[in-house]
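Participant: Structure supplied as final27.pdb; contents: PDB, C-alpha atoms.
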```pdb
MODEL        1
ATOM      1  CA  MET A   1     -23.303  13.974  38.414
ATOM      2  CA  LEU A   2     -22.152  11.524  35.745
ATOM      3  CA  LYS A   3     -21.582  13.108  32.350
ATOM      4  CA  THR A   4     -21.172  11.289  29.078
ATOM      5  CA  VAL A   5     -18.753  12.677  26.535
ATOM      6  CA  PHE A   6     -19.089  11.207  23.051
ATOM      7  CA  LEU A   7     -16.055  10.977  20.806
ATOM      8  CA  ASP A   8     -15.872  11.229  17.039
ATOM      9  CA  LYS A   9     -17.523   8.519  14.976
ATOM     10  CA  PHE A  10     -16.198   6.829  11.878
ATOM     11  CA  ASP A  11     -17.815   8.323   8.795
ATOM     12  CA  PRO A  12     -17.871   5.822   5.890
ATOM     13  CA  GLY A  13     -18.397   8.664   3.458
ATOM     14  CA  SER A  14     -15.206  10.453   4.525
ATOM     15  CA  PRO A  15     -12.769   7.989   6.124
ATOM     16  CA  GLY A  16      -9.530   9.895   5.549
ATOM     17  CA  SER A  17      -9.317  11.979   8.732
ATOM     18  CA  TYR A  18     -10.420   9.076  10.944
ATOM     19  CA  LEU A  19      -7.812   6.724   9.488
ATOM     20  CA  ALA A  20      -5.089   9.366   9.768
ATOM     21  CA  GLU A  21      -5.867   9.959  13.448
ATOM     22  CA  ALA A  22      -5.753   6.217  14.129
ATOM     23  CA  ILE A  23      -2.238   6.027  12.668
ATOM     24  CA  TYR A  24      -1.127   9.118  14.606
ATOM     25  CA  ALA A  25      -2.437   7.516  17.809
ATOM     26  CA  ALA A  26      -0.370   4.370  17.212
ATOM     27  CA  GLU A  27       2.720   6.520  16.606
ATOM     28  CA  ARG A  28       2.188   8.430  19.833
ATOM     29  CA  LEU A  29       1.588   5.278  21.870
ATOM     30  CA  PHE A  30       4.725   3.517  20.688
ATOM     31  CA  GLY A  31       7.014   6.430  19.819
ATOM     32  CA  VAL A  32       7.538   5.318  16.217
ATOM     33  CA  THR A  33       7.036   6.608  12.692
ATOM     34  CA  ILE A  34       4.690   4.521  10.541
ATOM     35  CA  THR A  35       4.911   4.125   6.761
ATOM     36  CA  ILE A  36       2.301   2.288   4.676
ATOM     37  CA  HIS A  37       3.000   0.772   1.268
ATOM     38  CA  ASP A  38      -0.301   0.448  -0.566
ATOM     39  CA  HIS A  39       0.128  -2.363  -3.097
ATOM     40  CA  ARG A  40      -3.375  -2.240  -4.525
ATOM     41  CA  ALA A  41      -3.838   1.564  -4.640
ATOM     42  CA  LEU A  42      -6.702   1.258  -2.165
ATOM     43  CA  LEU A  43      -5.966   4.305  -0.012
ATOM     44  CA  PHE A  44      -7.521   6.845  -2.374
ATOM     45  CA  ASP A  45     -10.924   8.450  -2.587
ATOM     46  CA  ALA A  46     -13.083   8.492  -5.710
ATOM     47  CA  ASP A  47     -11.268  11.589  -7.020
ATOM     48  CA  GLY A  48      -7.810  10.000  -6.665
ATOM     49  CA  LYS A  49      -6.920  11.973  -3.535
ATOM     50  CA  PRO A  50      -4.774   9.998  -1.043
ATOM     51  CA  LEU A  51      -6.576   9.152   2.198
ATOM     52  CA  LEU A  52      -3.243   9.001   4.055
ATOM     53  CA  PRO A  53      -0.988  11.481   2.207
ATOM     54  CA  GLY A  54       2.731  11.238   2.909
ATOM     55  CA  ARG A  55       2.494   7.762   4.414
ATOM     56  CA  ASP A  56       3.999   5.995   1.413
ATOM     57  CA  HIS A  57       7.618   6.958   2.189
ATOM     58  CA  HIS A  58       9.775   6.887   5.295
ATOM     59  CA  THR A  59       9.662  10.216   7.123
ATOM     60  CA  HIS A  60      11.672   9.379  10.247
ATOM     61  CA  PRO A  61      14.495  11.988  10.499
ATOM     62  CA  TYR A  62      17.189   9.294  10.616
ATOM     63  CA  CYS A  63      15.843   7.622   7.460
ATOM     64  CA  ARG A  64      15.452  10.923   5.596
ATOM     65  CA  ALA A  65      18.884  12.304   6.527
ATOM     66  CA  GLY A  66      21.183  12.107   3.535
ATOM     67  CA  ARG A  67      18.798   9.957   1.516
ATOM     68  CA  TYR A  68      18.462  12.423  -1.343
ATOM     69  CA  ALA A  69      21.731  14.275  -0.793
ATOM     70  CA  VAL A  70      23.908  11.215  -1.447
ATOM     71  CA  PRO A  71      22.935   9.891  -4.905
ATOM     72  CA  GLU A  72      23.181   6.156  -4.255
ATOM     73  CA  TRP A  73      21.402   6.194  -0.882
ATOM     74  CA  ASN A  74      17.873   6.598  -2.245
ATOM     75  CA  ARG A  75      18.380   3.662  -4.604
ATOM     76  CA  SER A  76      19.697   1.563  -1.711
ATOM     77  CA  CYS A  77      16.666   2.473   0.415
ATOM     78  CA  LEU A  78      14.318   1.489  -2.414
ATOM     79  CA  ALA A  79      16.141  -1.801  -2.841
ATOM     80  CA  GLU A  80      15.826  -2.533   0.874
ATOM     81  CA  CYS A  81      12.164  -1.625   1.471
ATOM     82  CA  ALA A  82      10.485  -1.776  -1.923
ATOM     83  CA  PHE A  83      12.058  -5.076  -2.912
ATOM     84  CA  GLN A  84      13.915  -7.065  -0.256
ATOM     85  CA  ALA A  85      11.677  -6.469   2.774
ATOM     86  CA  GLU A  86       8.525  -6.749   0.704
ATOM     87  CA  SER A  87       9.717  -9.977  -0.897
ATOM     88  CA  ALA A  88       9.971 -11.437   2.602
ATOM     89  CA  ALA A  89       6.475 -10.142   3.397
ATOM     90  CA  LEU A  90       5.092 -11.773   0.246
ATOM     91  CA  CYS A  91       6.617 -15.117   1.190
ATOM     92  CA  GLU A  92       5.779 -15.253   4.889
ATOM     93  CA  LEU A  93       2.680 -13.077   5.468
ATOM     94  CA  ARG A  94       3.636 -12.425   9.080
ATOM     95  CA  PRO A  95       5.388  -9.590  10.966
ATOM     96  CA  PHE A  96       9.174  -9.505  11.058
ATOM     97  CA  LEU A  97      12.100  -7.252  11.924
ATOM     98  CA  HIS A  98      14.150  -5.972   9.016
ATOM     99  CA  HIS A  99      17.719  -4.664   9.487
ATOM    100  CA  CYS A 100      18.675  -2.230   6.750
ATOM    101  CA  TRP A 101      21.977  -1.056   5.334
ATOM    102  CA  LYS A 102      21.847   2.184   7.338
ATOM    103  CA  GLY A 103      22.011   0.403  10.684
ATOM    104  CA  VAL A 104      18.269   0.693  11.327
ATOM    105  CA  THR A 105      15.801  -1.966  12.419
ATOM    106  CA  GLU A 106      12.156  -1.630  11.377
ATOM    107  CA  LEU A 107       9.089  -3.671  12.157
ATOM    108  CA  VAL A 108       7.399  -4.835   8.945
ATOM    109  CA  VAL A 109       3.753  -5.921   9.165
ATOM    110  CA  PRO A 110       2.015  -7.270   6.049
ATOM    111  CA  VAL A 111      -1.783  -6.963   5.999
ATOM    112  CA  GLU A 112      -3.333  -9.590   3.780
ATOM    113  CA  ARG A 113      -6.536 -10.121   1.901
ATOM    114  CA  GLY A 114      -7.056 -13.491   0.278
ATOM    115  CA  ARG A 115      -3.524 -14.639   1.228
ATOM    116  CA  THR A 116      -2.021 -11.668  -0.606
ATOM    117  CA  PRO A 117      -0.455  -8.614   1.111
ATOM    118  CA  VAL A 118      -2.346  -5.487   0.104
ATOM    119  CA  LEU A 119      -0.901  -3.117   2.716
ATOM    120  CA  ILE A 120       2.542  -3.294   4.312
ATOM    121  CA  PHE A 121       3.268  -1.297   7.486
ATOM    122  CA  TYR A 122       6.778  -0.176   8.430
ATOM    123  CA  ALA A 123       7.297   1.050  12.009
ATOM    124  CA  GLY A 124      10.529   2.420  13.456
ATOM    125  CA  ALA A 125      13.179   3.457  13.430
ATOM    126  CA  PHE A 126      14.954   1.311  16.028
ATOM    127  CA  ARG A 127      18.672   0.987  16.624
ATOM    128  CA  GLY A 128      19.845  -1.965  14.544
ATOM    129  CA  PRO A 129      22.828  -4.268  14.919
ATOM    130  CA  GLY A 130      24.635  -2.952  11.835
ATOM    131  CA  ALA A 131      27.094  -0.085  11.753
ATOM    132  CA  PRO A 132      25.694   3.298  10.624
ATOM    133  CA  PRO A 133      27.202   5.365   7.798
ATOM    134  CA  ALA A 134      30.066   7.666   8.701
ATOM    135  CA  GLY A 135      28.821  10.739  10.532
ATOM    136  CA  PHE A 136      25.620   9.037  11.750
ATOM    137  CA  GLU A 137      27.104   7.415  14.854
ATOM    138  CA  ALA A 138      25.502   9.812  17.358
ATOM    139  CA  ALA A 139      22.087   9.749  15.682
ATOM    140  CA  HIS A 140      22.255   5.954  15.503
ATOM    141  CA  ALA A 141      23.117   5.668  19.200
ATOM    142  CA  ALA A 142      20.119   7.877  20.061
ATOM    143  CA  LEU A 143      17.642   5.521  18.391
ATOM    144  CA  PRO A 144      15.674   3.285  20.796
ATOM    145  CA  PRO A 145      16.381  -0.453  20.786
ATOM    146  CA  ALA A 146      13.765  -2.848  19.400
ATOM    147  CA  ASP A 147      12.377  -4.109  22.693
ATOM    148  CA  GLU A 148      10.907  -7.571  22.095
ATOM    149  CA  LYS A 149       7.656  -7.085  24.036
ATOM    150  CA  SER A 150       6.932  -3.612  22.674
ATOM    151  CA  VAL A 151       7.639  -4.699  19.110
ATOM    152  CA  SER A 152       5.383  -7.750  19.473
ATOM    153  CA  ASP A 153       2.602  -5.594  20.931
ATOM    154  CA  LEU A 154       2.988  -3.116  18.073
ATOM    155  CA  ALA A 155       2.929  -5.923  15.484
ATOM    156  CA  ARG A 156      -0.385  -7.215  16.829
ATOM    157  CA  LEU A 157      -1.844  -3.718  16.950
ATOM    158  CA  LEU A 158      -0.805  -2.857  13.377
ATOM    159  CA  THR A 159      -2.195  -6.156  12.099
ATOM    160  CA  LEU A 160      -5.580  -5.265  13.585
ATOM    161  CA  VAL A 161      -5.320  -1.639  12.428
ATOM    162  CA  GLY A 162      -4.581  -2.831   8.906
ATOM    163  CA  GLN A 163      -7.570  -5.153   8.850
ATOM    164  CA  GLY A 164      -9.667  -2.324  10.268
ATOM    165  CA  ILE A 165      -8.519  -0.025   7.457
ATOM    166  CA  LEU A 166      -9.533  -2.596   4.856
ATOM    167  CA  ARG A 167     -12.946  -2.949   6.474
ATOM    168  CA  ALA A 168     -13.320   0.831   6.709
ATOM    169  CA  LEU A 169     -12.531   1.180   3.007
ATOM    170  CA  GLU A 170     -15.077  -1.493   2.224
ATOM    171  CA  SER A 171     -17.685   0.331   4.301
ATOM    172  CA  SER A 172     -16.946   3.622   2.568
ATOM    173  CA  ARG A 173     -17.779   2.000  -0.775
ATOM    174  CA  GLU A 174     -21.127   0.646   0.349
ATOM    175  CA  SER A 175     -23.884   3.051  -0.586
ATOM    176  CA  GLU A 176     -26.671   0.887   0.819
ATOM    177  CA  ARG A 177     -25.235  -0.873   3.807
ATOM    178  CA  ARG A 178     -28.496  -2.516   4.936
ATOM    179  CA  GLN A 179     -29.523  -3.764   1.492
ATOM    180  CA  PRO A 180     -28.160  -6.772  -0.400
ATOM    181  CA  PRO A 181     -25.382  -5.617  -2.736
ATOM    182  CA  SER A 182     -26.512  -4.680  -6.217
ATOM    183  CA  ARG A 183     -24.964  -6.246  -9.302
ATOM    184  CA  LYS A 184     -22.990  -3.047  -9.815
ATOM    185  CA  GLN A 185     -21.624  -3.252  -6.272
ATOM    186  CA  GLN A 186     -20.728  -6.908  -6.765
ATOM    187  CA  ILE A 187     -18.850  -6.096  -9.963
ATOM    188  CA  ARG A 188     -17.139  -3.179  -8.247
ATOM    189  CA  LYS A 189     -16.102  -5.459  -5.374
ATOM    190  CA  PHE A 190     -14.709  -8.006  -7.836
ATOM    191  CA  LEU A 191     -12.568  -5.302  -9.458
ATOM    192  CA  ASP A 192     -11.360  -4.054  -6.068
ATOM    193  CA  GLU A 193     -10.194  -7.543  -5.151
ATOM    194  CA  HIS A 194      -8.941  -8.907  -8.492
ATOM    195  CA  ALA A 195      -7.885  -6.077 -10.825
ATOM    196  CA  HIS A 196      -4.231  -6.721  -9.967
ATOM    197  CA  GLU A 197      -4.570 -10.327 -11.169
ATOM    198  CA  PRO A 198      -4.974 -11.739 -14.715
ATOM    199  CA  ALA A 199      -8.748 -11.466 -14.278
ATOM    200  CA  ALA A 200     -11.105 -12.466 -17.092
ATOM    201  CA  LEU A 201     -14.814 -12.188 -17.735
ATOM    202  CA  SER A 202     -15.143 -15.895 -16.913
ATOM    203  CA  ASP A 203     -13.724 -15.202 -13.428
ATOM    204  CA  LEU A 204     -16.313 -12.492 -12.862
ATOM    205  CA  ALA A 205     -19.029 -14.856 -14.104
ATOM    206  CA  ARG A 206     -18.021 -17.457 -11.522
ATOM    207  CA  ALA A 207     -18.074 -14.825  -8.780
ATOM    208  CA  LEU A 208     -21.576 -13.731  -9.841
ATOM    209  CA  HIS A 209     -22.773 -17.322 -10.412
ATOM    210  CA  VAL A 210     -23.879 -16.554 -13.960
ATOM    211  CA  SER A 211     -22.690 -17.443 -17.439
ATOM    212  CA  PRO A 212     -19.914 -15.376 -19.080
ATOM    213  CA  SER A 213     -22.346 -13.941 -21.620
ATOM    214  CA  ARG A 214     -24.723 -12.906 -18.823
ATOM    215  CA  ALA A 215     -21.830 -11.376 -16.884
ATOM    216  CA  GLY A 216     -20.859  -9.364 -19.942
ATOM    217  CA  HIS A 217     -24.405  -8.017 -20.274
ATOM    218  CA  LEU A 218     -24.460  -7.092 -16.567
ATOM    219  CA  VAL A 219     -21.188  -5.147 -16.858
ATOM    220  CA  THR A 220     -22.370  -3.230 -19.909
ATOM    221  CA  ALA A 221     -25.737  -2.440 -18.289
ATOM    222  CA  ALA A 222     -24.142  -1.231 -15.029
ATOM    223  CA  PHE A 223     -21.105   0.654 -16.379
ATOM    224  CA  GLY A 224     -21.818   1.288 -20.054
ATOM    225  CA  CYS A 225     -18.706  -0.470 -21.339
ATOM    226  CA  PRO A 226     -17.353  -4.018 -21.851
ATOM    227  CA  PHE A 227     -15.581  -5.869 -19.041
ATOM    228  CA  GLN A 228     -12.063  -5.536 -20.464
ATOM    229  CA  GLU A 229     -12.503  -1.795 -20.875
ATOM    230  CA  LEU A 230     -13.766  -1.497 -17.307
ATOM    231  CA  LEU A 231     -10.849  -3.601 -16.015
ATOM    232  CA  LEU A 232      -8.333  -1.458 -17.895
ATOM    233  CA  ALA A 233      -9.861   1.751 -16.513
ATOM    234  CA  GLU A 234      -9.537   0.390 -12.970
ATOM    235  CA  ARG A 235      -5.914  -0.574 -13.522
ATOM    236  CA  MET A 236      -5.108   2.778 -15.122
ATOM    237  CA  THR A 237      -6.676   4.650 -12.203
ATOM    238  CA  ARG A 238      -4.564   2.686  -9.751
ATOM    239  CA  ALA A 239      -1.432   3.218 -11.814
ATOM    240  CA  ARG A 240      -2.037   6.970 -12.053
ATOM    241  CA  ASN A 241      -2.604   7.207  -8.298
ATOM    242  CA  LEU A 242       0.628   5.344  -7.553
ATOM    243  CA  LEU A 243       2.617   7.369 -10.089
ATOM    244  CA  LEU A 244       1.476  10.672  -8.614
ATOM    245  CA  SER A 245       1.740   9.807  -4.930
ATOM    246  CA  THR A 246       4.619   7.331  -4.495
ATOM    247  CA  ASP A 247       8.239   6.732  -5.429
ATOM    248  CA  TYR A 248       7.517   3.204  -6.686
ATOM    249  CA  PRO A 249       9.456   2.312  -9.857
ATOM    250  CA  GLN A 250       7.325   1.818 -12.951
ATOM    251  CA  LYS A 251       8.123  -1.913 -12.927
ATOM    252  CA  GLU A 252       6.675  -2.208  -9.423
ATOM    253  CA  ILE A 253       3.608  -0.152 -10.363
ATOM    254  CA  ALA A 254       3.038  -2.358 -13.395
ATOM    255  CA  ARG A 255       3.167  -5.451 -11.189
ATOM    256  CA  CYS A 256       0.868  -3.960  -8.541
ATOM    257  CA  CYS A 257      -1.698  -3.002 -11.179
ATOM    258  CA  GLY A 258      -1.873  -6.323 -13.000
ATOM    259  CA  PHE A 259       0.366  -5.764 -16.024
ATOM    260  CA  GLY A 260       2.685  -8.580 -17.080
ATOM    261  CA  THR A 261       5.540  -6.337 -18.224
ATOM    262  CA  VAL A 262       6.507  -2.723 -17.760
ATOM    263  CA  HIS A 263       6.599  -2.297 -21.563
ATOM    264  CA  TYR A 264       2.986  -3.393 -21.909
ATOM    265  CA  PHE A 265       2.031  -1.164 -18.996
ATOM    266  CA  SER A 266       3.763   1.842 -20.577
ATOM    267  CA  ARG A 267       2.093   1.241 -23.934
ATOM    268  CA  MET A 268      -1.383   0.924 -22.427
ATOM    269  CA  PHE A 269      -0.837   3.955 -20.188
ATOM    270  CA  ARG A 270       0.161   6.082 -23.170
ATOM    271  CA  ARG A 271      -2.878   4.851 -25.105
ATOM    272  CA  PHE A 272      -5.224   5.522 -22.164
ATOM    273  CA  TYR A 273      -3.904   8.914 -20.996
ATOM    274  CA  GLY A 274      -2.168  10.175 -24.109
ATOM    275  CA  MET A 275       1.238  10.413 -22.419
ATOM    276  CA  PRO A 276       3.914   8.033 -21.086
ATOM    277  CA  PRO A 277       3.947   7.199 -17.350
ATOM    278  CA  GLY A 278       7.177   9.121 -16.764
ATOM    279  CA  ARG A 279       5.596  12.378 -17.900
ATOM    280  CA  CYS A 280       2.567  11.806 -15.688
ATOM    281  CA  ARG A 281       4.363  11.516 -12.411
ATOM    282  CA  ASP A 282       6.119  14.145 -10.363
ATOM    283  CA  ALA A 283       9.515  12.437 -10.485
ATOM    284  CA  LYS A 284      11.730  12.769  -7.444
ATOM    285  CA  LYS A 285      15.422  12.108  -7.370
ATOM    286  CA  ASN A 286      17.140   9.824  -9.905
ATOM    287  CA  GLY A 287      20.078   8.162  -8.177
ATOM    288  CA  VAL A 288      22.679   5.802  -9.561
ATOM    289  CA  PRO A 289      22.717   2.200  -8.342
ATOM    290  CA  GLY A 290      24.276   1.943  -4.919
ATOM    291  CA  ARG A 291      26.137  -0.872  -3.265
ATOM    292  CA  GLU A 292      24.408  -4.179  -2.652
ATOM    293  CA  PRO A 293      22.609  -3.615   0.661
ATOM    294  CA  ARG A 294      22.727  -6.096   3.498
ATOM    295  CA  LYS A 295      19.493  -7.816   4.374
ATOM    296  CA  ARG A 296      18.453  -9.786   7.407
ATOM    297  CA  THR A 297      14.998 -10.535   8.681
ATOM    298  CA  GLU A 298      13.785 -11.893  12.000
ATOM    299  CA  PHE A 299      10.243 -13.221  11.999
ATOM    300  CA  ILE A 300       8.284 -12.630  15.203
TER     301      ILE A 300
ENDMDL
END
```
As structure tokens, how would this structure be written, given the file I've shared?
Facilitator:
Amino acid sequence: MLKTVFLDKFDPGSPGSYLAEAIYAAERLFGVTITIHDHRALLFDADGKPLLPGRDHHTHPYCRAGRYAVPEWNRSCLAECAFQAESAALCELRPFLHHCWKGVTELVVPVERGRTPVLIFYAGAFRGPGAPPAGFEAAHAALPPADEKSVSDLARLLTLVGQGILRALESSRESERRQPPSRKQQIRKFLDEHAHEPAALSDLARALHVSPSRAGHLVTAAFGCPFQELLLAERMTRARNLLLSTDYPQKEIARCCGFGTVHYFSRMFRRFYGMPPGRCRDAKKNGVPGREPRKRTEFI
């Protein structure tokens, strides 16, 4: 007798566990560790709780070994992944292999929205062509090579997973999925997509197909505050989330959240929360600048 067994269903109201299991499944299938850099602070619920906790930093044992014990290593890792690899992702918007200073190769997959990367996946670690640090020779030799077919398959999968995550987050924010979006939902969607940019009330007006004065009235009616105040609150929420859940430098957080300079960001953060950004975050290790890391990328 044929029996039907139903599996779990995606719940737009609580997407965290479903998304986490999807990432775990990809790790099991390909034997990798996956890290996700969230450039728009999207992977948080309404209370600021991370939907994918611990995914913002590299947890592979080879990557973690010695990173915080040797002062300059953490700074070198940040320079490699938070700046060099992500600069390549910003320029090319396609998957590539990145070879880091520690002798590791990682697959980097940018996930874009509107021609801008909003999520960046790192998958690895694979044995790279560079020499490992002293004492890491055996661990380096035990890493799997970056097989071309497997890496290409994984790149395609992570691209689709990333787009699926963005759609899942969009669904979780829709309170009336079968009804046309309300003005409040349209304004909320505009902030989700443009708060990291130098957005103005006139930009919102164009998106809503109304005059700037009408757009201003709609914002005040829906949220009880002017547009610039609403925009600042969105940026501050994103900045707080990134400060509390990532190792991103304040300069990077300022850029991700739409602030022109880190000084302006710090001043506005202090005004908004009553404390400087450094006091808000749970700071990790403070290393001294390391050597200039090697960088090579291979686009696939």
Participant: List as a tab-separated table every residue of stretch 36-79 of chain A that is in contact with stretch 253-257 of chain A, defined as an atom at most 9 Å from one of its atoms (using all atoms listed in the file), together with the nearest atom pair and the distance in Å rounded to one decimal, sorted by chain and then rising number.
Facilitator:
```
residue	atom	partner	partner_atom	distance
A:His39	CA	A:Cys256	CA	5.7
A:Arg40	CA	A:Cys256	CA	6.1
A:Ala41	CA	A:Cys256	CA	8.2
```
Participant: So that I can check the surroundings of A:Ala146, please list as JSON, numbers by chain every protein, DNA and RNA residue that reaches within 9 Å of it, counting all atoms listed in the file and ignoring chain neighbours fewer than 3 positions away.
Facilitator: {"A": [97, 105, 106, 107, 124, 125, 126, 127, 128, 149, 150, 151]}
Participant: Can you list, as number ranges by chain, every protein, DNA or RNA residue that comes within 8 Å of A:His140 when you count only C-alpha atoms, leaving out same-chain residues fewer than 5 positions away?
Facilitator: A: 62, 103-104, 127, 132
Participant: Take the PyMOL selection byres ((chain A and resi 60) around 9), run it mentally on this structure, and tell me the resulting residues as a VMD selection string.
Facilitator: chain A and resid 32 to 34 58 to 59 61 to 65 124 to 125
Participant: For the selection you just gave me, I'd like the residues written to a file as a JSON list (two decimals), in the frame of the given file, keeping C-alpha atoms.
Facilitator:
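Writing the result to selection11.json gives the following:
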```
[["chain", "number", "residue", "atom", "x", "y", "z"],
["A", 32, "VAL", "CA", 7.54, 5.32, 16.22],
["A", 33, "THR", "CA", 7.04, 6.61, 12.69],
["A", 34, "ILE", "CA", 4.69, 4.52, 10.54],
["A", 58, "HIS", "CA", 9.78, 6.89, 5.30],
["A", 59, "THR", "CA", 9.66, 10.22, 7.12],
["A", 61, "PRO", "CA", 14.50, 11.99, 10.50],
["A", 62, "TYR", "CA", 17.19, 9.29, 10.62],
["A", 63, "CYS", "CA", 15.84, 7.62, 7.46],
["A", 64, "ARG", "CA", 15.45, 10.92, 5.60],
["A", 65, "ALA", "CA", 18.88, 12.30, 6.53],
["A", 124, "GLY", "CA", 10.53, 2.42, 13.46],
["A", 125, "ALA", "CA", 13.18, 3.46, 13.43]]
```
Participant: Which residues fall under the PyMOL selection byres ((chain A and resi 260-265) around 10) in this file, as number ranges by chain?
Facilitator: A: 197-198, 235-236, 239, 249-259, 266-271, 276-277
Participant: Using the chain letters and numbers from this file, what does the PyMOL selection byres ((chain A and resi 19) around 10) select? Give the answer as an MDAnalysis selection string.
Facilitator: chainID A and resid 10 14:18 20:25 43 51:52 161 164:165 168:169
Participant: Nearest residue to A:Thr246 out of A:Ala215, A:Ile36, A:Ala207, A:Leu90, using only C-alpha atoms?
Facilitator: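 Looking at the shortest contact to A:Thr246, the residue is A:Ile36.
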